[in-house]
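Okay, model-v6.cif now, which holds mmCIF, C-alpha atoms and all ligand atoms:
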data_protein
#
loop_
_atom_site.group_PDB
_atom_site.id
_atom_site.type_symbol
_atom_site.label_atom_id
_atom_site.label_comp_id
_atom_site.auth_asym_id
_atom_site.auth_seq_id
_atom_site.Cartn_x
_atom_site.Cartn_y
_atom_site.Cartn_z
ATOM 1 C CA MET A 1 137.484 101.260 102.451
ATOM 2 C CA THR A 2 135.067 99.986 99.831
ATOM 3 C CA THR A 3 132.525 102.433 98.494
ATOM 4 C CA ARG A 4 129.180 100.901 97.698
ATOM 5 C CA ARG A 5 126.878 102.844 95.401
ATOM 6 C CA PRO A 6 123.450 103.035 97.055
ATOM 7 C CA LEU A 7 120.416 101.414 95.481
ATOM 8 C CA VAL A 8 116.817 102.461 96.046
ATOM 9 C CA ALA A 9 114.456 99.866 94.562
ATOM 10 C CA GLY A 10 110.674 100.079 94.407
ATOM 11 C CA ASN A 11 108.776 96.801 94.658
ATOM 12 C CA TRP A 12 105.316 97.392 93.240
ATOM 13 C CA LYS A 13 104.202 93.879 94.266
ATOM 14 C CA MET A 14 100.808 92.966 92.681
ATOM 15 C CA ASN A 15 99.934 96.559 91.836
ATOM 16 C CA GLY A 16 99.857 98.366 88.519
ATOM 17 C CA LEU A 17 98.170 98.252 85.139
ATOM 18 C CA LYS A 18 99.076 99.658 81.739
ATOM 19 C CA ALA A 19 97.629 102.916 83.056
ATOM 20 C CA SER A 20 100.662 103.045 85.395
ATOM 21 C CA VAL A 21 103.055 103.895 82.574
ATOM 22 C CA PRO A 22 102.753 107.664 83.245
ATOM 23 C CA GLU A 23 103.681 107.074 86.918
ATOM 24 C CA PHE A 24 106.789 105.196 85.806
ATOM 25 C CA ARG A 25 107.561 108.073 83.432
ATOM 26 C CA ARG A 26 107.343 110.509 86.349
ATOM 27 C CA ILE A 27 109.893 108.400 88.218
ATOM 28 C CA VAL A 28 112.224 108.453 85.220
ATOM 29 C CA GLU A 29 111.801 112.220 84.810
ATOM 30 C CA GLY A 30 112.461 112.794 88.515
ATOM 31 C CA TYR A 31 115.678 110.795 88.465
ATOM 32 C CA ASP A 32 117.660 113.892 87.689
ATOM 33 C CA ALA A 33 121.397 114.402 87.375
ATOM 34 C CA ALA A 34 121.840 115.105 91.082
ATOM 35 C CA LEU A 35 120.112 111.862 92.044
ATOM 36 C CA ARG A 36 121.873 109.875 89.351
ATOM 37 C CA ALA A 37 125.176 111.054 90.738
ATOM 38 C CA ARG A 38 124.361 109.662 94.185
ATOM 39 C CA THR A 39 122.231 106.528 93.892
ATOM 40 C CA ASP A 40 120.960 103.786 91.619
ATOM 41 C CA LEU A 41 117.193 103.719 91.192
ATOM 42 C CA MET A 42 115.154 100.676 90.204
ATOM 43 C CA VAL A 43 111.485 99.802 89.749
ATOM 44 C CA CYS A 44 110.201 96.233 90.134
ATOM 45 C CA PRO A 45 106.758 96.218 88.481
ATOM 46 C CA PRO A 46 104.539 93.172 87.974
ATOM 47 C CA ALA A 47 105.895 91.030 85.134
ATOM 48 C CA THR A 48 103.003 92.107 82.918
ATOM 49 C CA LEU A 49 104.375 95.664 82.883
ATOM 50 C CA LEU A 50 108.088 95.022 82.423
ATOM 51 C CA ALA A 51 108.196 95.104 78.642
ATOM 52 C CA GLY A 52 105.796 98.048 78.497
ATOM 53 C CA PHE A 53 107.889 100.090 80.914
ATOM 54 C CA ALA A 54 111.056 99.214 79.011
ATOM 55 C CA ALA A 55 109.429 100.277 75.736
ATOM 56 C CA ALA A 56 108.013 103.470 77.244
ATOM 57 C CA GLU A 57 111.444 104.681 78.378
ATOM 58 C CA PRO A 58 114.072 103.031 76.170
ATOM 59 C CA GLY A 59 117.574 103.442 77.564
ATOM 60 C CA SER A 60 116.229 104.808 80.833
ATOM 61 C CA PRO A 61 118.738 105.092 83.679
ATOM 62 C CA VAL A 62 116.045 103.733 86.019
ATOM 63 C CA GLY A 63 116.640 99.994 86.273
ATOM 64 C CA LEU A 64 113.844 97.453 85.905
ATOM 65 C CA ALA A 65 113.526 94.236 87.875
ATOM 66 C CA GLY A 66 111.243 91.235 88.136
ATOM 67 C CA GLN A 67 109.715 90.179 91.453
ATOM 68 C CA ASP A 68 110.395 86.440 91.182
ATOM 69 C CA CYS A 69 111.706 83.853 88.733
ATOM 70 C CA HIS A 70 111.648 80.090 88.242
ATOM 71 C CA PRO A 71 114.976 78.258 88.625
ATOM 72 C CA ALA A 72 114.707 76.730 85.137
ATOM 73 C CA ALA A 73 115.357 78.640 81.929
ATOM 74 C CA SER A 74 112.279 77.228 80.184
ATOM 75 C CA GLY A 75 109.980 74.235 80.256
ATOM 76 C CA ALA A 76 106.661 72.865 81.441
ATOM 77 C CA HIS A 77 106.025 75.174 84.392
ATOM 78 C CA THR A 78 102.609 76.712 83.825
ATOM 79 C CA GLY A 79 102.312 80.234 85.146
ATOM 80 C CA ASP A 80 105.984 80.624 85.960
ATOM 81 C CA ILE A 81 108.472 83.057 84.442
ATOM 82 C CA SER A 82 112.179 82.396 83.954
ATOM 83 C CA ALA A 83 115.041 84.773 84.633
ATOM 84 C CA GLU A 84 115.834 84.661 80.921
ATOM 85 C CA MET A 85 112.294 85.842 80.136
ATOM 86 C CA LEU A 86 112.644 88.728 82.574
ATOM 87 C CA ALA A 87 115.927 89.723 80.957
ATOM 88 C CA ASP A 88 114.286 89.482 77.538
ATOM 89 C CA ALA A 89 111.497 91.789 78.743
ATOM 90 C CA GLY A 90 114.003 94.429 79.813
ATOM 91 C CA ALA A 91 114.851 93.554 83.428
ATOM 92 C CA GLY A 92 118.370 93.853 84.777
ATOM 93 C CA ALA A 93 117.551 92.351 88.160
ATOM 94 C CA VAL A 94 115.074 90.142 89.988
ATOM 95 C CA ILE A 95 113.879 89.931 93.575
ATOM 96 C CA VAL A 96 114.059 86.398 94.981
ATOM 97 C CA GLY A 97 112.903 85.067 98.332
ATOM 98 C CA HIS A 98 110.630 87.949 99.265
ATOM 99 C CA SER A 99 108.844 87.015 102.495
ATOM 100 C CA GLU A 100 105.501 87.214 100.711
ATOM 101 C CA ARG A 101 106.665 84.463 98.375
ATOM 102 C CA ARG A 102 108.233 82.486 101.203
ATOM 103 C CA ALA A 103 104.870 82.701 103.051
ATOM 104 C CA ASP A 104 102.359 82.527 100.172
ATOM 105 C CA HIS A 105 104.185 79.888 98.132
ATOM 106 C CA GLY A 106 106.167 78.027 100.788
ATOM 107 C CA GLU A 107 109.511 78.959 99.250
ATOM 108 C CA SER A 108 112.477 77.432 101.078
ATOM 109 C CA ASP A 109 116.002 78.806 101.353
ATOM 110 C CA GLU A 110 117.086 76.059 98.951
ATOM 111 C CA LEU A 111 114.589 77.185 96.310
ATOM 112 C CA VAL A 112 115.515 80.849 96.812
ATOM 113 C CA ARG A 113 119.159 79.928 96.283
ATOM 114 C CA ALA A 114 118.264 78.096 93.047
ATOM 115 C CA LYS A 115 116.379 81.184 91.879
ATOM 116 C CA ALA A 116 119.366 83.404 92.687
ATOM 117 C CA GLU A 117 121.552 81.039 90.663
ATOM 118 C CA ALA A 118 119.065 81.276 87.793
ATOM 119 C CA ALA A 119 119.251 85.058 87.971
ATOM 120 C CA ARG A 120 123.039 84.907 87.612
ATOM 121 C CA ARG A 121 122.764 82.465 84.703
ATOM 122 C CA ALA A 122 120.521 84.988 82.923
ATOM 123 C CA GLY A 123 122.818 87.902 83.695
ATOM 124 C CA LEU A 124 120.435 89.447 86.215
ATOM 125 C CA LEU A 125 121.327 90.967 89.573
ATOM 126 C CA ALA A 126 119.675 88.856 92.294
ATOM 127 C CA ILE A 127 118.053 90.840 95.118
ATOM 128 C CA ILE A 128 117.857 88.147 97.791
ATOM 129 C CA CYS A 129 115.407 88.901 100.617
ATOM 130 C CA VAL A 130 115.727 87.740 104.207
ATOM 131 C CA GLY A 131 114.024 88.790 107.429
ATOM 132 C CA GLU A 132 112.556 87.502 110.661
ATOM 133 C CA THR A 133 108.950 87.279 111.862
ATOM 134 C CA ARG A 134 107.712 89.135 114.931
ATOM 135 C CA GLU A 135 107.727 85.920 116.974
ATOM 136 C CA VAL A 136 111.358 85.289 116.098
ATOM 137 C CA ARG A 137 112.391 88.836 117.045
ATOM 138 C CA GLU A 138 110.494 88.680 120.316
ATOM 139 C CA ALA A 139 112.226 85.402 121.095
ATOM 140 C CA GLY A 140 115.599 87.108 120.587
ATOM 141 C CA ARG A 141 116.492 84.883 117.633
ATOM 142 C CA ALA A 142 116.404 87.444 114.791
ATOM 143 C CA LEU A 143 120.156 87.491 114.145
ATOM 144 C CA ASP A 144 120.434 83.697 114.142
ATOM 145 C CA VAL A 145 117.439 83.214 111.867
ATOM 146 C CA VAL A 146 118.624 85.799 109.349
ATOM 147 C CA ARG A 147 122.144 84.329 109.359
ATOM 148 C CA GLY A 148 120.545 80.944 108.633
ATOM 149 C CA GLN A 149 118.529 82.407 105.756
ATOM 150 C CA LEU A 150 121.684 83.950 104.304
ATOM 151 C CA ALA A 151 123.577 80.657 104.613
ATOM 152 C CA GLY A 152 120.780 78.816 102.814
ATOM 153 C CA SER A 153 119.690 81.382 100.235
ATOM 154 C CA VAL A 154 122.870 83.054 98.998
ATOM 155 C CA PRO A 155 124.673 80.997 96.337
ATOM 156 C CA ASP A 156 128.412 80.366 96.217
ATOM 157 C CA GLY A 157 130.225 82.950 94.147
ATOM 158 C CA ALA A 158 128.029 85.834 95.264
ATOM 159 C CA ASP A 159 129.685 89.193 94.771
ATOM 160 C CA GLY A 160 128.868 92.858 94.461
ATOM 161 C CA GLU A 161 128.091 92.540 90.759
ATOM 162 C CA ASN A 162 125.596 89.681 90.929
ATOM 163 C CA THR A 163 124.029 89.976 94.384
ATOM 164 C CA VAL A 164 122.178 92.446 96.604
ATOM 165 C CA ILE A 165 120.735 91.399 99.968
ATOM 166 C CA ALA A 166 117.534 92.995 101.283
ATOM 167 C CA TYR A 167 116.832 92.729 104.992
ATOM 168 C CA GLU A 168 113.074 92.980 105.459
ATOM 169 C CA PRO A 169 111.679 92.160 108.888
ATOM 170 C CA VAL A 170 108.340 90.525 108.098
ATOM 171 C CA TRP A 171 106.594 92.442 110.887
ATOM 172 C CA ALA A 172 107.697 95.772 109.405
ATOM 173 C CA ILE A 173 106.330 95.158 105.898
ATOM 174 C CA GLY A 174 103.285 97.285 105.179
ATOM 175 C CA THR A 175 102.635 97.889 108.878
ATOM 176 C CA GLY A 176 104.153 101.323 109.491
ATOM 177 C CA LEU A 177 106.373 99.672 112.109
ATOM 178 C CA THR A 178 110.155 99.699 111.796
ATOM 179 C CA PRO A 179 113.004 98.405 113.925
ATOM 180 C CA THR A 180 115.013 101.048 115.750
ATOM 181 C CA ILE A 181 117.997 102.445 113.901
ATOM 182 C CA ASP A 182 120.252 100.561 116.320
ATOM 183 C CA GLU A 183 118.446 97.303 115.539
ATOM 184 C CA ILE A 184 118.774 97.905 111.788
ATOM 185 C CA ALA A 185 122.487 98.702 112.136
ATOM 186 C CA GLU A 186 123.015 95.647 114.358
ATOM 187 C CA MET A 187 121.351 93.354 111.824
ATOM 188 C CA HIS A 188 123.169 94.836 108.842
ATOM 189 C CA GLY A 189 126.484 94.583 110.692
ATOM 190 C CA ALA A 190 125.772 90.944 111.510
ATOM 191 C CA MET A 191 124.853 90.231 107.883
ATOM 192 C CA ARG A 192 128.061 91.885 106.659
ATOM 193 C CA ALA A 193 130.125 89.864 109.141
ATOM 194 C CA HIS A 194 128.406 86.642 108.048
ATOM 195 C CA LEU A 195 129.059 87.411 104.370
ATOM 196 C CA LYS A 196 132.707 88.208 105.148
ATOM 197 C CA GLU A 197 133.196 84.793 106.734
ATOM 198 C CA ARG A 198 131.982 83.193 103.544
ATOM 199 C CA PHE A 199 133.055 85.551 100.760
ATOM 200 C CA GLY A 200 135.987 87.441 102.264
ATOM 201 C CA GLY A 201 136.673 90.863 100.791
ATOM 202 C CA GLN A 202 133.851 90.499 98.237
ATOM 203 C CA ALA A 203 131.407 90.932 101.121
ATOM 204 C CA ASP A 204 132.369 94.587 101.312
ATOM 205 C CA ARG A 205 131.039 95.042 97.779
ATOM 206 C CA ILE A 206 127.633 93.419 98.322
ATOM 207 C CA ARG A 207 124.945 96.027 98.942
ATOM 208 C CA LEU A 208 122.648 95.474 101.910
ATOM 209 C CA LEU A 209 119.225 97.116 101.564
ATOM 210 C CA TYR A 210 116.711 97.690 104.319
ATOM 211 C CA GLY A 211 113.007 97.145 103.543
ATOM 212 C CA GLY A 212 109.867 97.485 105.639
ATOM 213 C CA SER A 213 107.739 100.644 105.953
ATOM 214 C CA VAL A 214 110.367 102.944 104.454
ATOM 215 C CA LYS A 215 108.691 106.321 103.883
ATOM 216 C CA PRO A 216 109.911 109.809 102.997
ATOM 217 C CA GLU A 217 109.649 110.671 106.716
ATOM 218 C CA ASN A 218 112.013 107.948 107.963
ATOM 219 C CA ALA A 219 114.251 107.412 104.922
ATOM 220 C CA GLY A 220 116.938 109.893 105.974
ATOM 221 C CA GLU A 221 117.544 108.210 109.306
ATOM 222 C CA ILE A 222 117.328 104.634 108.000
ATOM 223 C CA LEU A 223 119.522 105.173 104.945
ATOM 224 C CA ALA A 224 122.194 106.817 107.096
ATOM 225 C CA ALA A 225 122.465 103.752 109.380
ATOM 226 C CA ALA A 226 125.707 101.787 109.376
ATOM 227 C CA ASP A 227 125.942 99.143 106.636
ATOM 228 C CA VAL A 228 122.638 100.220 105.043
ATOM 229 C CA ASP A 229 123.309 100.674 101.325
ATOM 230 C CA GLY A 230 119.810 101.549 100.200
ATOM 231 C CA ALA A 231 116.192 100.525 100.502
ATOM 232 C CA LEU A 232 113.680 98.094 99.068
ATOM 233 C CA VAL A 233 110.486 100.134 99.169
ATOM 234 C CA GLY A 234 106.977 98.721 98.843
ATOM 235 C CA GLY A 235 103.911 100.927 99.243
ATOM 236 C CA ALA A 236 105.763 104.243 99.084
ATOM 237 C CA SER A 237 107.243 103.326 95.680
ATOM 238 C CA LEU A 238 103.875 103.304 93.932
ATOM 239 C CA GLU A 239 103.825 107.077 93.615
ATOM 240 C CA ALA A 240 106.708 108.880 91.950
ATOM 241 C CA THR A 241 106.621 111.731 94.456
ATOM 242 C CA SER A 242 107.111 109.615 97.559
ATOM 243 C CA PHE A 243 109.522 107.182 95.888
ATOM 244 C CA LEU A 244 111.753 109.983 94.620
ATOM 245 C CA SER A 245 111.563 111.716 97.955
ATOM 246 C CA ILE A 246 113.002 108.582 99.607
ATOM 247 C CA ALA A 247 115.841 108.471 97.075
ATOM 248 C CA ARG A 248 116.507 112.162 97.720
ATOM 249 C CA ALA A 249 117.538 111.278 101.254
ATOM 250 C CA TYR A 250 120.930 110.695 99.593
ATOM 251 C CA LEU A 251 121.233 114.307 98.396
HETATM 252 O O1 LIG B 1 109.645 94.722 99.074
HETATM 253 C C1 LIG B 1 109.261 95.655 99.794
HETATM 254 C C2 LIG B 1 108.879 95.425 101.159
HETATM 255 O O2 LIG B 1 108.120 94.283 101.334
HETATM 256 C C3 LIG B 1 108.455 96.618 101.938
HETATM 257 O O3 LIG B 1 107.104 96.948 101.740
HETATM 258 P P1 LIG B 1 106.524 98.286 102.437
HETATM 259 O O4 LIG B 1 107.482 99.393 102.102
HETATM 260 O O5 LIG B 1 105.175 98.464 101.843
HETATM 261 O O6 LIG B 1 106.504 98.020 103.922
#
Using structure tokens, write down the structure that the file contains.
Ligand SMILES: O=C[C@H](O)COP(=O)(O)O
Amino acid sequence: MTTRRPLVAGNWKMNGLKASVPEFRRIVEGYDAALRARTDLMVCPPATLLAGFAAAEPGSPVGLAGQDCHPAASGAHTGDISAEMLADAGAGAVIVGHSERRADHGESDELVRAKAEAARRAGLLAIICVGETREVREAGRALDVVRGQLAGSVPDGADGENTVIAYEPVWAIGTGLTPTIDEIAEMHGAMRAHLKERFGGQADRIRLLYGGSVKPENAGEILAAADVDGALVGGASLEATSFLSIARAYL
């Protein structure tokens, strides 16, 4: 049986200023030997803070990640940031295809896949997000829709070293609502089965995170669900205390 090392990643979204450096430091200080032995920890700050966080804690065991990247390495793309730039700023990973980007910027599966390929080109771990809307779940089509997103968004050659998948039901993000543990396990099992059809044994090495209203109060139950290899945390990652408390569910 393959052992997957858990990953707890904090997506700060469009939150944080230079004044947030001490909060990041508290996360680094709280990532003690016991936690390090059990789980990877990562913070995904706004791009403006990446280099500052990296400089504030050089060599930190807490990973840093971007929240998006352009498919191209460089060029005339005003306002965009490439995977290479994120790597240069100190990131080791990048989130692609978050539902907020799919909704706010009309990102398609094809574009998300190109971004994941760009992440690999730059040597970054791609955290590829998928997840259904409330309407889709209520219509009983959640599994099919997420399988379709995986088929379209995950590049060929994905493996445990270059890819993490985050299942984030759109209706659970920032709402305090979560699927039942059975629903989470069902979805993660379906995602694993889909990845196995395409990638064979490598699928057992790809970590599947759950995201959507993960809090210290529900982390223990969610992180113990079958085929859940960690969490992508939004709001509760902004404070070191709550973020670390979620990671401590692994102790
Ligand atoms: O990327 C993180 C997710 O969108 C979850 O956000 P949330 O924990 O605030 O619900």
Exercise for review: For Gly234 (chain A), work out the shell of residues within 9 Å, counting only C-alpha atoms and skipping chain neighbours fewer than 4 positions away, then give it as JSON, numbers by chain.
Suggested key: {"A": [9, 10, 11, 12, 13, 173, 174, 211, 212, 213, 214, 238]}
Box centre and edge lengths (Å, one decimal), axis-aligned, region 30-36 of chain A plus 3 Å each side, as AutoDock Vina command-line options:
--center_x 117.2 --center_y 112.5 --center_z 89.7 --size_x 15.4 --size_y 11.2 --size_z 10.7
Review point. Suppose you want the space between CA of Ala56 (chain A) and CA of Val233 (chain A); what is it in Å?
Key: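 Between these atoms lies a distance of 22.3 Å.
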Would you write out, as a compact mmCIF listing (two decimals) with C-alpha atoms, in the frame of the given file, every residue that the PyMOL selection byres (((chain A and resi 244) around 10) and not hetatm) captures in this file?
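Generated file (part_16.txt):
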# COMPACT_ATOMS: atom_id res chain seq x y z
CA VAL A 8 116.82 102.46 96.05
CA GLY A 10 110.67 100.08 94.41
CA ARG A 26 107.34 110.51 86.35
CA ILE A 27 109.89 108.40 88.22
CA VAL A 28 112.22 108.45 85.22
CA GLY A 30 112.46 112.79 88.52
CA TYR A 31 115.68 110.80 88.46
CA ASP A 32 117.66 113.89 87.69
CA LEU A 35 120.11 111.86 92.04
CA LEU A 41 117.19 103.72 91.19
CA PRO A 216 109.91 109.81 103.00
CA ALA A 236 105.76 104.24 99.08
CA SER A 237 107.24 103.33 95.68
CA GLU A 239 103.82 107.08 93.62
CA ALA A 240 106.71 108.88 91.95
CA THR A 241 106.62 111.73 94.46
CA SER A 242 107.11 109.62 97.56
CA PHE A 243 109.52 107.18 95.89
CA SER A 245 111.56 111.72 97.96
CA ILE A 246 113.00 108.58 99.61
CA ALA A 247 115.84 108.47 97.08
CA ARG A 248 116.51 112.16 97.72
CA ALA A 249 117.54 111.28 101.25
Review point. Which residue gives the smallest distance to ligand LIG 1 (chain B) among A:His98, A:Arg137, A:His188, A:Arg198, with only C-alpha atoms and all ligand atoms counted?
Key: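 Counting only C-alpha atoms and all ligand atoms, the residue closest to ligand LIG 1 (chain B) is A:His98.
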Point to revise | Polymer residues at most 10 Å from Tyr167 (chain A), only C-alpha atoms, same-chain spacing of 3 or more positions, as an MDAnalysis selection string | key: chainID A and resid 98 128:132 146 164 170 184 187:188 191 208:212 228 231:232
Mind dumping the selected residues with C-alpha atoms as a PDB file, keeping the file's coordinate frame?
ATOM      1  CA  HIS A  98     110.630  87.949  99.265  1.00  0.00           C
ATOM      2  CA  ILE A 128     117.857  88.147  97.791  1.00  0.00           C
ATOM      3  CA  CYS A 129     115.407  88.901 100.617  1.00  0.00           C
ATOM      4  CA  VAL A 130     115.727  87.740 104.207  1.00  0.00           C
ATOM      5  CA  GLY A 131     114.024  88.790 107.429  1.00  0.00           C
ATOM      6  CA  GLU A 132     112.556  87.502 110.661  1.00  0.00           C
ATOM      7  CA  VAL A 146     118.624  85.799 109.349  1.00  0.00           C
ATOM      8  CA  VAL A 164     122.178  92.446  96.604  1.00  0.00           C
ATOM      9  CA  VAL A 170     108.340  90.525 108.098  1.00  0.00           C
ATOM     10  CA  ILE A 184     118.774  97.905 111.788  1.00  0.00           C
ATOM     11  CA  MET A 187     121.351  93.354 111.824  1.00  0.00           C
ATOM     12  CA  HIS A 188     123.169  94.836 108.842  1.00  0.00           C
ATOM     13  CA  MET A 191     124.853  90.231 107.883  1.00  0.00           C
ATOM     14  CA  LEU A 208     122.648  95.474 101.910  1.00  0.00           C
ATOM     15  CA  LEU A 209     119.225  97.116 101.564  1.00  0.00           C
ATOM     16  CA  TYR A 210     116.711  97.690 104.319  1.00  0.00           C
ATOM     17  CA  GLY A 211     113.007  97.145 103.543  1.00  0.00           C
ATOM     18  CA  GLY A 212     109.867  97.485 105.639  1.00  0.00           C
ATOM     19  CA  VAL A 228     122.638 100.220 105.043  1.00  0.00           C
ATOM     20  CA  ALA A 231     116.192 100.525 100.502  1.00  0.00           C
ATOM     21  CA  LEU A 232     113.680  98.094  99.068  1.00  0.00           C
TER      22      LEU A 232
END
Name the residues that the PyMOL selection byres (((chain A and resi 183) around 12) and not hetatm) pulls out of this structure, and write them as a PDB file with C-alpha atoms, in the frame of the given file.
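Everything below was put into part27.pdb:
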ATOM      1  CA  ARG A 137     112.391  88.836 117.045  1.00  0.00           C
ATOM      2  CA  GLY A 140     115.599  87.108 120.587  1.00  0.00           C
ATOM      3  CA  ALA A 142     116.404  87.444 114.791  1.00  0.00           C
ATOM      4  CA  LEU A 143     120.156  87.491 114.145  1.00  0.00           C
ATOM      5  CA  TYR A 167     116.832  92.729 104.992  1.00  0.00           C
ATOM      6  CA  PRO A 169     111.679  92.160 108.888  1.00  0.00           C
ATOM      7  CA  THR A 178     110.155  99.699 111.796  1.00  0.00           C
ATOM      8  CA  PRO A 179     113.004  98.405 113.925  1.00  0.00           C
ATOM      9  CA  THR A 180     115.013 101.048 115.750  1.00  0.00           C
ATOM     10  CA  ILE A 181     117.997 102.445 113.901  1.00  0.00           C
ATOM     11  CA  ASP A 182     120.252 100.561 116.320  1.00  0.00           C
ATOM     12  CA  ILE A 184     118.774  97.905 111.788  1.00  0.00           C
ATOM     13  CA  ALA A 185     122.487  98.702 112.136  1.00  0.00           C
ATOM     14  CA  GLU A 186     123.015  95.647 114.358  1.00  0.00           C
ATOM     15  CA  MET A 187     121.351  93.354 111.824  1.00  0.00           C
ATOM     16  CA  HIS A 188     123.169  94.836 108.842  1.00  0.00           C
ATOM     17  CA  GLY A 189     126.484  94.583 110.692  1.00  0.00           C
ATOM     18  CA  ALA A 190     125.772  90.944 111.510  1.00  0.00           C
ATOM     19  CA  TYR A 210     116.711  97.690 104.319  1.00  0.00           C
ATOM     20  CA  ILE A 222     117.328 104.634 108.000  1.00  0.00           C
ATOM     21  CA  ALA A 225     122.465 103.752 109.380  1.00  0.00           C
ATOM     22  CA  ALA A 226     125.707 101.787 109.376  1.00  0.00           C
ATOM     23  CA  ASP A 227     125.942  99.143 106.636  1.00  0.00           C
ATOM     24  CA  VAL A 228     122.638 100.220 105.043  1.00  0.00           C
TER      25      VAL A 228
END
Review point. In terms of the shortest atom-to-atom distance over only C-alpha atoms, which of A:Gly106, A:Ala89, A:Ile127, A:Pro71 is closest to Met42 (chain A)?
Key: A:Ile127
Point to revise | Selected residue of minimal separation from Glu168 (chain A) among A:Leu124, A:Ser99, A:Gly220, A:Ala54, counting only C-alpha atoms | key: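 Nearest to Glu168 (chain A): A:Ser99.
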Because some atoms of region 70-87 of chain A are absent here, can you restore N, CA and C atoms and send them as a JSON list (two decimals), keeping the file's coordinate frame?
[["chain", "number", "residue", "atom", "x", "y", "z"],
["A", 70, "HIS", "N", 111.53, 81.55, 88.08],
["A", 70, "HIS", "CA", 111.65, 80.09, 88.24],
["A", 70, "HIS", "C", 113.13, 79.72, 88.11],
["A", 71, "PRO", "N", 113.56, 78.66, 88.77],
["A", 71, "PRO", "CA", 114.98, 78.26, 88.62],
["A", 71, "PRO", "C", 115.35, 77.81, 87.21],
["A", 72, "ALA", "N", 114.39, 77.24, 86.48],
["A", 72, "ALA", "CA", 114.71, 76.73, 85.14],
["A", 72, "ALA", "C", 114.64, 77.85, 84.10],
["A", 73, "ALA", "N", 115.34, 77.63, 82.99],
["A", 73, "ALA", "CA", 115.36, 78.64, 81.93],
["A", 73, "ALA", "C", 114.09, 78.60, 81.08],
["A", 74, "SER", "N", 113.50, 77.40, 80.97],
["A", 74, "SER", "CA", 112.28, 77.23, 80.18],
["A", 74, "SER", "C", 111.72, 75.86, 80.52],
["A", 75, "GLY", "N", 110.52, 75.57, 80.05],
["A", 75, "GLY", "CA", 109.98, 74.24, 80.26],
["A", 75, "GLY", "C", 108.52, 74.24, 80.67],
["A", 76, "ALA", "N", 108.07, 73.06, 81.11],
["A", 76, "ALA", "CA", 106.66, 72.86, 81.44],
["A", 76, "ALA", "C", 106.40, 73.32, 82.88],
["A", 77, "HIS", "N", 106.27, 74.60, 83.06],
["A", 77, "HIS", "CA", 106.02, 75.17, 84.39],
["A", 77, "HIS", "C", 104.96, 76.26, 84.24],
["A", 78, "THR", "N", 103.72, 75.80, 84.12],
["A", 78, "THR", "CA", 102.61, 76.71, 83.82],
["A", 78, "THR", "C", 102.52, 77.86, 84.83],
["A", 79, "GLY", "N", 102.48, 79.05, 84.30],
["A", 79, "GLY", "CA", 102.31, 80.23, 85.15],
["A", 79, "GLY", "C", 103.61, 80.82, 85.65],
["A", 80, "ASP", "N", 104.71, 80.10, 85.47],
["A", 80, "ASP", "CA", 105.98, 80.62, 85.96],
["A", 80, "ASP", "C", 106.70, 81.43, 84.88],
["A", 81, "ILE", "N", 107.70, 82.20, 85.34],
["A", 81, "ILE", "CA", 108.47, 83.06, 84.44],
["A", 81, "ILE", "C", 109.94, 82.83, 84.75],
["A", 82, "SER", "N", 110.75, 82.66, 83.72],
["A", 82, "SER", "CA", 112.18, 82.40, 83.95],
["A", 82, "SER", "C", 112.96, 83.71, 84.02],
["A", 83, "ALA", "N", 114.15, 83.61, 84.57],
["A", 83, "ALA", "CA", 115.04, 84.77, 84.63],
["A", 83, "ALA", "C", 115.37, 85.26, 83.23],
["A", 84, "GLU", "N", 115.53, 84.29, 82.31],
["A", 84, "GLU", "CA", 115.83, 84.66, 80.92],
["A", 84, "GLU", "C", 114.69, 85.47, 80.32],
["A", 85, "MET", "N", 113.46, 85.09, 80.66],
["A", 85, "MET", "CA", 112.29, 85.84, 80.14],
["A", 85, "MET", "C", 112.27, 87.26, 80.69],
["A", 86, "LEU", "N", 112.61, 87.39, 81.97],
["A", 86, "LEU", "CA", 112.64, 88.73, 82.57],
["A", 86, "LEU", "C", 113.70, 89.58, 81.88],
["A", 87, "ALA", "N", 114.86, 88.98, 81.64],
["A", 87, "ALA", "CA", 115.93, 89.72, 80.96],
["A", 87, "ALA", "C", 115.47, 90.13, 79.56]]
